[in-house]
file entry.cif (mmCIF, C-alpha atoms and all ligand atoms)
data_work
#
loop_
_atom_site.label_atom_id
_atom_site.label_comp_id
_atom_site.auth_asym_id
_atom_site.auth_seq_id
_atom_site.Cartn_x
_atom_site.Cartn_y
_atom_site.Cartn_z
CA MET A 1 -21.38 -29.98 37.80
CA ASN A 2 -19.85 -26.89 39.32
CA LYS A 3 -21.45 -23.57 38.49
CA ASP A 4 -17.99 -22.19 37.76
CA ARG A 5 -17.34 -24.80 35.10
CA ASN A 6 -16.77 -23.21 31.76
CA LEU A 7 -19.99 -23.78 29.83
CA ASP A 8 -18.34 -22.74 26.61
CA GLN A 9 -18.50 -23.84 23.01
CA ASN A 10 -16.34 -26.92 23.67
CA PHE A 11 -18.53 -28.04 26.53
CA TRP A 12 -21.72 -27.86 24.46
CA ASN A 13 -20.15 -29.27 21.32
CA GLU A 14 -18.90 -32.28 23.26
CA ARG A 15 -22.40 -32.93 24.62
CA TYR A 16 -23.64 -33.35 21.02
CA LEU A 17 -20.61 -35.38 19.90
CA LEU A 18 -20.99 -37.74 22.87
CA ASN A 19 -24.78 -37.84 22.60
CA GLU A 20 -25.13 -36.58 26.17
CA THR A 21 -28.24 -34.56 25.44
CA GLY A 22 -30.51 -35.47 28.32
CA TRP A 23 -32.48 -32.21 27.89
CA ASP A 24 -33.63 -33.17 24.41
CA LEU A 25 -37.36 -34.01 24.42
CA GLY A 26 -37.24 -35.66 20.99
CA GLN A 27 -40.29 -33.60 20.02
CA ILE A 28 -41.62 -30.07 20.25
CA SER A 29 -42.19 -28.91 23.80
CA PRO A 30 -46.01 -29.05 24.31
CA PRO A 31 -46.36 -25.54 25.80
CA LEU A 32 -44.42 -24.08 22.88
CA LYS A 33 -46.61 -26.01 20.45
CA ALA A 34 -49.79 -24.66 22.08
CA TYR A 35 -48.38 -21.14 21.96
CA ILE A 36 -47.39 -21.43 18.28
CA ASP A 37 -50.81 -22.88 17.41
CA GLN A 38 -52.55 -19.65 18.39
CA LEU A 39 -50.23 -17.33 16.42
CA SER A 40 -51.86 -15.93 13.30
CA ASP A 41 -49.05 -13.83 11.78
CA LYS A 42 -46.87 -16.32 9.92
CA ASN A 43 -44.40 -13.60 8.94
CA LEU A 44 -43.27 -12.83 12.47
CA ARG A 45 -39.49 -12.64 12.73
CA VAL A 46 -38.83 -15.51 15.15
CA LEU A 47 -35.56 -16.31 16.94
CA ILE A 48 -34.82 -19.54 18.81
CA PRO A 49 -31.59 -19.15 20.78
CA GLY A 50 -29.69 -22.21 22.03
CA CYS A 51 -31.94 -24.04 19.62
CA GLY A 52 -30.59 -27.58 19.99
CA ASN A 53 -32.34 -30.05 17.71
CA SER A 54 -34.90 -27.37 16.82
CA TYR A 55 -38.18 -29.27 16.97
CA GLU A 56 -39.89 -25.90 17.52
CA ALA A 57 -38.35 -24.50 14.34
CA GLU A 58 -39.40 -27.60 12.41
CA TYR A 59 -42.96 -27.16 13.63
CA LEU A 60 -42.98 -23.47 12.68
CA LEU A 61 -41.79 -24.35 9.18
CA GLU A 62 -44.43 -27.07 8.81
CA HIS A 63 -47.06 -24.50 9.79
CA GLY A 64 -46.09 -21.89 7.24
CA PHE A 65 -43.92 -19.49 9.21
CA THR A 66 -41.58 -17.71 6.84
CA ASP A 67 -38.90 -15.95 8.91
CA ILE A 68 -37.25 -18.20 11.45
CA THR A 69 -33.73 -17.89 12.81
CA VAL A 70 -32.07 -20.48 15.02
CA ILE A 71 -28.72 -19.89 16.68
CA ASP A 72 -26.53 -22.27 18.62
CA ILE A 73 -22.93 -22.23 19.75
CA ALA A 74 -22.20 -25.95 19.11
CA PRO A 75 -20.70 -26.57 15.65
CA ALA A 76 -21.49 -30.31 15.56
CA LEU A 77 -25.18 -29.55 16.18
CA VAL A 78 -25.30 -26.69 13.69
CA ASP A 79 -23.78 -28.90 10.97
CA ARG A 80 -26.61 -31.38 11.55
CA LEU A 81 -29.22 -28.63 11.43
CA LYS A 82 -27.82 -27.28 8.17
CA SER A 83 -28.22 -30.64 6.61
CA LYS A 84 -31.66 -31.26 8.16
CA PHE A 85 -33.10 -27.94 6.91
CA ARG A 86 -31.11 -27.87 3.67
CA ALA A 87 -32.61 -25.70 0.98
CA ASN A 88 -35.38 -24.32 3.14
CA GLN A 89 -35.47 -20.58 2.48
CA ASN A 90 -37.60 -19.81 5.52
CA ILE A 91 -35.00 -20.61 8.14
CA LYS A 92 -31.59 -19.11 8.89
CA ILE A 93 -29.25 -21.36 10.83
CA ILE A 94 -26.51 -19.51 12.64
CA LEU A 95 -23.46 -20.93 14.37
CA GLY A 96 -22.84 -18.26 16.96
CA ASP A 97 -23.10 -16.83 20.42
CA PHE A 98 -26.48 -15.46 21.47
CA PHE A 99 -24.74 -12.75 23.48
CA THR A 100 -23.05 -11.20 20.44
CA HIS A 101 -25.84 -11.81 17.93
CA LYS A 102 -27.25 -8.62 16.38
CA ALA A 103 -30.59 -8.49 14.57
CA GLU A 104 -34.21 -7.61 15.27
CA TYR A 105 -37.03 -10.03 16.05
CA ASP A 106 -40.73 -9.90 16.87
CA LEU A 107 -40.66 -13.08 18.91
CA VAL A 108 -38.03 -15.09 20.75
CA LEU A 109 -38.89 -18.62 21.91
CA GLU A 110 -37.32 -19.83 25.15
CA GLN A 111 -36.93 -23.56 25.74
CA THR A 112 -34.14 -24.73 28.09
CA PHE A 113 -31.66 -22.09 26.94
CA PHE A 114 -31.89 -19.69 29.91
CA CYS A 115 -31.45 -22.59 32.36
CA ALA A 116 -28.42 -23.91 30.47
CA LEU A 117 -26.44 -20.73 31.01
CA ASN A 118 -24.24 -19.94 33.98
CA PRO A 119 -26.59 -18.00 36.31
CA GLU A 120 -24.05 -15.18 36.38
CA LEU A 121 -25.11 -14.46 32.79
CA ARG A 122 -28.76 -13.89 33.59
CA LYS A 123 -28.59 -10.09 33.59
CA SER A 124 -26.69 -10.22 30.30
CA TYR A 125 -29.37 -12.56 28.91
CA VAL A 126 -32.07 -10.02 29.75
CA GLU A 127 -30.08 -7.16 28.21
CA ALA A 128 -29.30 -9.15 25.07
CA MET A 129 -32.96 -10.18 24.78
CA SER A 130 -34.07 -6.59 25.06
CA GLY A 131 -31.57 -5.58 22.38
CA LEU A 132 -32.80 -8.27 19.99
CA LEU A 133 -36.52 -7.63 20.33
CA ALA A 134 -38.39 -4.99 18.37
CA ARG A 135 -40.58 -2.59 20.33
CA ASP A 136 -43.48 -4.65 21.72
CA GLY A 137 -41.60 -7.81 20.73
CA LYS A 138 -42.18 -10.86 22.92
CA LEU A 139 -40.15 -13.47 24.71
CA ALA A 140 -42.33 -16.56 25.12
CA GLY A 141 -41.70 -20.02 26.46
CA VAL A 142 -40.87 -21.87 29.62
CA LEU A 143 -38.64 -21.34 32.65
CA PHE A 144 -38.12 -23.70 35.58
CA ASN A 145 -40.12 -22.77 38.66
CA ARG A 146 -37.64 -24.01 41.26
CA GLU A 147 -34.01 -24.33 42.25
CA PHE A 148 -32.44 -27.78 41.87
CA GLU A 149 -30.44 -29.61 44.50
CA THR A 150 -27.99 -30.96 41.96
CA GLN A 151 -25.48 -28.66 40.27
CA GLY A 152 -26.52 -27.44 36.85
CA PRO A 153 -26.94 -27.20 34.04
CA PRO A 154 -29.85 -27.04 34.19
CA PHE A 155 -29.87 -24.18 36.68
CA GLY A 156 -33.27 -23.51 38.18
CA GLY A 157 -34.78 -20.25 39.34
CA THR A 158 -37.74 -18.76 41.16
CA ASP A 159 -40.57 -16.45 40.24
CA THR A 160 -39.15 -13.82 42.62
CA GLU A 161 -35.84 -13.88 40.78
CA TYR A 162 -37.51 -13.68 37.36
CA LEU A 163 -39.73 -10.77 38.41
CA ALA A 164 -36.65 -8.85 39.55
CA LEU A 165 -34.60 -9.76 36.47
CA PHE A 166 -37.17 -8.96 33.78
CA GLY A 167 -39.25 -6.37 35.63
CA ASP A 168 -37.49 -3.23 34.40
CA GLY A 169 -37.42 -4.06 30.70
CA PHE A 170 -40.48 -6.29 30.17
CA LYS A 171 -44.22 -6.35 30.80
CA PHE A 172 -45.42 -9.66 32.19
CA LYS A 173 -48.31 -10.61 29.88
CA ILE A 174 -48.35 -14.23 31.08
CA PHE A 175 -46.33 -15.61 33.97
CA GLU A 176 -48.04 -18.65 35.41
CA PRO A 177 -47.64 -22.34 36.24
CA CYS A 178 -47.41 -24.34 33.05
CA TYR A 179 -50.38 -26.75 32.74
CA ASN A 180 -49.19 -28.61 29.65
CA SER A 181 -45.50 -29.36 30.27
CA PHE A 182 -43.83 -32.41 28.78
CA SER A 183 -44.61 -35.22 31.26
CA LYS A 184 -41.18 -35.46 32.88
CA ARG A 185 -41.21 -31.68 33.48
CA ALA A 186 -44.74 -31.58 34.93
CA ASP A 187 -45.16 -29.07 37.77
CA SER A 188 -41.65 -27.73 37.29
CA GLU A 189 -42.21 -25.01 34.69
CA LEU A 190 -43.65 -21.53 34.37
CA PHE A 191 -45.09 -20.40 31.09
CA ILE A 192 -44.07 -16.85 30.21
CA ILE A 193 -44.97 -14.23 27.67
CA LEU A 194 -42.89 -11.14 28.39
CA GLU A 195 -43.33 -8.10 26.17
CA LYS A 196 -40.51 -5.63 25.70
CA LYS A 197 -41.44 -2.27 27.23
C1 LIG A 201 -29.84 -27.45 27.33
S1 LIG A 201 -29.55 -27.21 25.64
C2 LIG A 201 -31.21 -26.87 25.04
C3 LIG A 201 -31.36 -27.07 23.55
C4 LIG A 201 -32.80 -26.88 23.03
N1 LIG A 201 -33.30 -25.57 23.34
C5 LIG A 201 -33.70 -27.94 23.59
O1 LIG A 201 -34.56 -27.61 24.42
O2 LIG A 201 -33.56 -29.10 23.19
C6 LIG A 201 -28.80 -25.61 25.58
C7 LIG A 201 -28.35 -25.21 24.19
O3 LIG A 201 -27.81 -23.89 24.24
C8 LIG A 201 -26.64 -23.84 23.42
N2 LIG A 201 -25.84 -22.70 23.90
C9 LIG A 201 -25.19 -22.60 25.09
N3 LIG A 201 -24.62 -21.38 25.21
C10 LIG A 201 -24.95 -20.69 24.08
C11 LIG A 201 -24.70 -19.38 23.62
N4 LIG A 201 -23.98 -18.50 24.36
N5 LIG A 201 -25.19 -18.99 22.43
C12 LIG A 201 -25.92 -19.87 21.67
N6 LIG A 201 -26.18 -21.12 22.05
C13 LIG A 201 -25.72 -21.54 23.24
C14 LIG A 201 -26.02 -25.21 23.58
O4 LIG A 201 -25.14 -25.56 22.55
C15 LIG A 201 -27.26 -26.09 23.61
O5 LIG A 201 -27.63 -26.52 22.32
#
call {"tool": "encode", "arguments": {"input": "entry.cif", "output": "structure tokens", "more": "lines below"}}
Ligand SMILES: C[S@@+](CC[C@H](N)C(=O)[O-])C[C@H]1O[C@@H](n2cnc3c(N)ncnc32)[C@H](O)[C@@H]1O
result
Amino acid sequence: MNKDRNLDQNFWNERYLLNETGWDLGQISPPLKAYIDQLSDKNLRVLIPGCGNSYEAEYLLEHGFTDITVIDIAPALVDRLKSKFRANQNIKIILGDFFTHKAEYDLVLEQTFFCALNPELRKSYVEAMSGLLARDGKLAGVLFNREFETQGPPFGGTDTEYLALFGDGFKFKIFEPCYNSFSKRADSELFIILEKK
């Protein structure tokens, strides 16, 4: 797929309508699960952008977290999520664009959203993330550790690029090879915890 292809709402919505969701693990991403398991404050304001089928949100709800927001641009997916999480007061499900979303969060979870975006949007992603996080708020999750030979999405990246992108606005609390990736992503991810400066 060409990098210039319009990765807009229609593109993503069609992926869900046609069931072309090869990124979907069918379960919570293991590194995200391990990260969530060591969180003690269940009232953290958590955002999951580009949430897809939201296994991470489901896990947070099952473990008593009370303030979860998921946002995705694909209406067909969001309809499904609204029905899946119907009547649960602890989750807000937003049909919308991450780049125009306005709110404040303590924690944002990253799981194959950054890599799904046109790489030209990476600076905007960092700015938007900074705008959404409270002071000392954290962005935690996984990023690919390499470029791919095939055209994205997913679009890969390198540690050098990430250090340059996030370096001004974030402190790198953890930025290391991921030891517990989902099997088919083994050795291809970095685990990150970036704290807003
Ligand atoms: C590769 S999928 C990953 C979904 C999910 N995080 C997962 O790991 O299964 C990327 C997701 O980002 C959503 N998306 C793309 N651009 C977006 C945007 N600007 N704002 C919100 N969601 C967006 C797509 O609809 C899609 O659900």
call {"tool": "residues_around", "arguments": {"input": "entry.cif", "residues": "Phe114 (chain A)", "least_positions_apart": "4", "cutoff": "12 Å", "atoms": "only C-alpha atoms", "output": "VMD selection string"}}
result
chain A and resid 48 to 51 98 to 99 108 to 110 118 to 126 128 to 129 139 to 144 152 to 157 162
call {"tool": "closest_atom_pairs", "arguments": {"input": "entry.cif", "of": "chain A", "to": "ligand LIG 201 (chain A)", "cutoff": "9 Å", "atoms": "only C-alpha atoms and all ligand atoms", "output": "Markdown table"}}
result
| residue | atom | partner | partner_atom | distance |
| --- | --- | --- | --- | --- |
| A:Leu7 | CA | A:LIG201 | N3 | 7.0 |
| A:Asp8 | CA | A:LIG201 | N3 | 6.6 |
| A:Gln9 | CA | A:LIG201 | O4 | 6.9 |
| A:Asn10 | CA | A:LIG201 | O4 | 9.0 |
| A:Phe11 | CA | A:LIG201 | O4 | 8.1 |
| A:Trp12 | CA | A:LIG201 | O4 | 4.5 |
| A:Asn13 | CA | A:LIG201 | O4 | 6.3 |
| A:Arg15 | CA | A:LIG201 | O4 | 8.1 |
| A:Tyr16 | CA | A:LIG201 | O5 | 8.0 |
| A:Thr21 | CA | A:LIG201 | S1 | 7.5 |
| A:Gly22 | CA | A:LIG201 | C1 | 8.1 |
| A:Trp23 | CA | A:LIG201 | C1 | 5.5 |
| A:Asp24 | CA | A:LIG201 | O2 | 4.2 |
| A:Leu25 | CA | A:LIG201 | O2 | 6.3 |
| A:Gly26 | CA | A:LIG201 | O2 | 7.8 |
| A:Gln27 | CA | A:LIG201 | O2 | 8.7 |
| A:Ile28 | CA | A:LIG201 | O1 | 8.6 |
| A:Ser29 | CA | A:LIG201 | O1 | 7.8 |
| A:Ile48 | CA | A:LIG201 | N1 | 7.7 |
| A:Pro49 | CA | A:LIG201 | C12 | 5.8 |
| A:Gly50 | CA | A:LIG201 | O3 | 3.4 |
| A:Cys51 | CA | A:LIG201 | N1 | 4.2 |
| A:Gly52 | CA | A:LIG201 | C3 | 3.7 |
| A:Asn53 | CA | A:LIG201 | O2 | 5.7 |
| A:Ser54 | CA | A:LIG201 | C4 | 6.6 |
| A:Tyr55 | CA | A:LIG201 | O2 | 7.7 |
| A:Glu56 | CA | A:LIG201 | N1 | 8.8 |
| A:Ile71 | CA | A:LIG201 | C12 | 5.7 |
| A:Asp72 | CA | A:LIG201 | N6 | 3.6 |
| A:Ile73 | CA | A:LIG201 | N6 | 4.1 |
| A:Ala74 | CA | A:LIG201 | O4 | 4.5 |
| A:Pro75 | CA | A:LIG201 | O4 | 8.3 |
| A:Leu77 | CA | A:LIG201 | O5 | 7.3 |
| A:Val78 | CA | A:LIG201 | O4 | 8.9 |
| A:Leu95 | CA | A:LIG201 | C12 | 7.8 |
| A:Gly96 | CA | A:LIG201 | C12 | 5.9 |
| A:Asp97 | CA | A:LIG201 | N5 | 3.6 |
| A:Phe98 | CA | A:LIG201 | N5 | 3.9 |
| A:Phe99 | CA | A:LIG201 | N4 | 5.9 |
| A:Thr100 | CA | A:LIG201 | N5 | 8.3 |
| A:His101 | CA | A:LIG201 | N5 | 8.5 |
| A:Glu110 | CA | A:LIG201 | N1 | 7.2 |
| A:Gln111 | CA | A:LIG201 | N1 | 4.8 |
| A:Thr112 | CA | A:LIG201 | O1 | 4.7 |
| A:Phe113 | CA | A:LIG201 | C6 | 4.7 |
| A:Phe114 | CA | A:LIG201 | C6 | 8.0 |
| A:Cys115 | CA | A:LIG201 | C1 | 7.2 |
| A:Ala116 | CA | A:LIG201 | C1 | 4.9 |
| A:Leu117 | CA | A:LIG201 | N3 | 6.1 |
| A:Asn118 | CA | A:LIG201 | N3 | 8.9 |
| A:Pro153 | CA | A:LIG201 | C1 | 7.3 |
| A:Pro154 | CA | A:LIG201 | C1 | 6.9 |
call {"tool": "atom_distance", "arguments": {"input": "entry.cif", "atom1": "CA of Glu104 (chain A)", "atom2": "CA of Lys92 (chain A)"}}
result
13.4 Å
call {"tool": "atom_distance", "arguments": {"input": "entry.cif", "atom1": "CA of Gln38 (chain A)", "atom2": "CA of Gly169 (chain A)"}}
result
25.0 Å
call {"tool": "atom_distance", "arguments": {"input": "entry.cif", "atom1": "CA of Leu32 (chain A)", "atom2": "CA of Lys196 (chain A)"}}
result
19.1 Å
call {"tool": "residues_around", "arguments": {"input": "entry.cif", "residues": "Pro31 (chain A)", "least_positions_apart": "3", "cutoff": "7 Å", "atoms": "all atoms listed in the file", "output": "PyMOL selection string"}}
result
chain A and resi 34-35+180-181
call {"tool": "closest_residue", "arguments": {"input": "entry.cif", "among": "A:Thr160, A:Leu133, A:Glu147, A:Phe166", "to": "Ser188 (chain A)", "atoms": "only C-alpha atoms"}}
result
A:Glu147
call {"tool": "axis_aligned_box", "arguments": {"input": "entry.cif", "around": "region 184-188 of chain A", "padding_each_side": "4 Å", "output": "AutoDock Vina command-line options"}}
result
--center_x -43.2 --center_y -31.6 --center_z 35.3 --size_x 12.0 --size_y 15.7 --size_z 12.9
call {"tool": "closest_residue", "arguments": {"input": "entry.cif", "among": "A:Lys84, A:Leu163, A:His63, A:Leu47", "to": "Lys102 (chain A)", "atoms": "only C-alpha atoms"}}
result
A:Leu47
call {"tool": "residues_around", "arguments": {"input": "entry.cif", "residues": "Gly167 (chain A)", "least_positions_apart": "6", "cutoff": "10 Å", "atoms": "only C-alpha atoms", "output": "ChimeraX atom specification"}}
result
/A:126,161,194,197
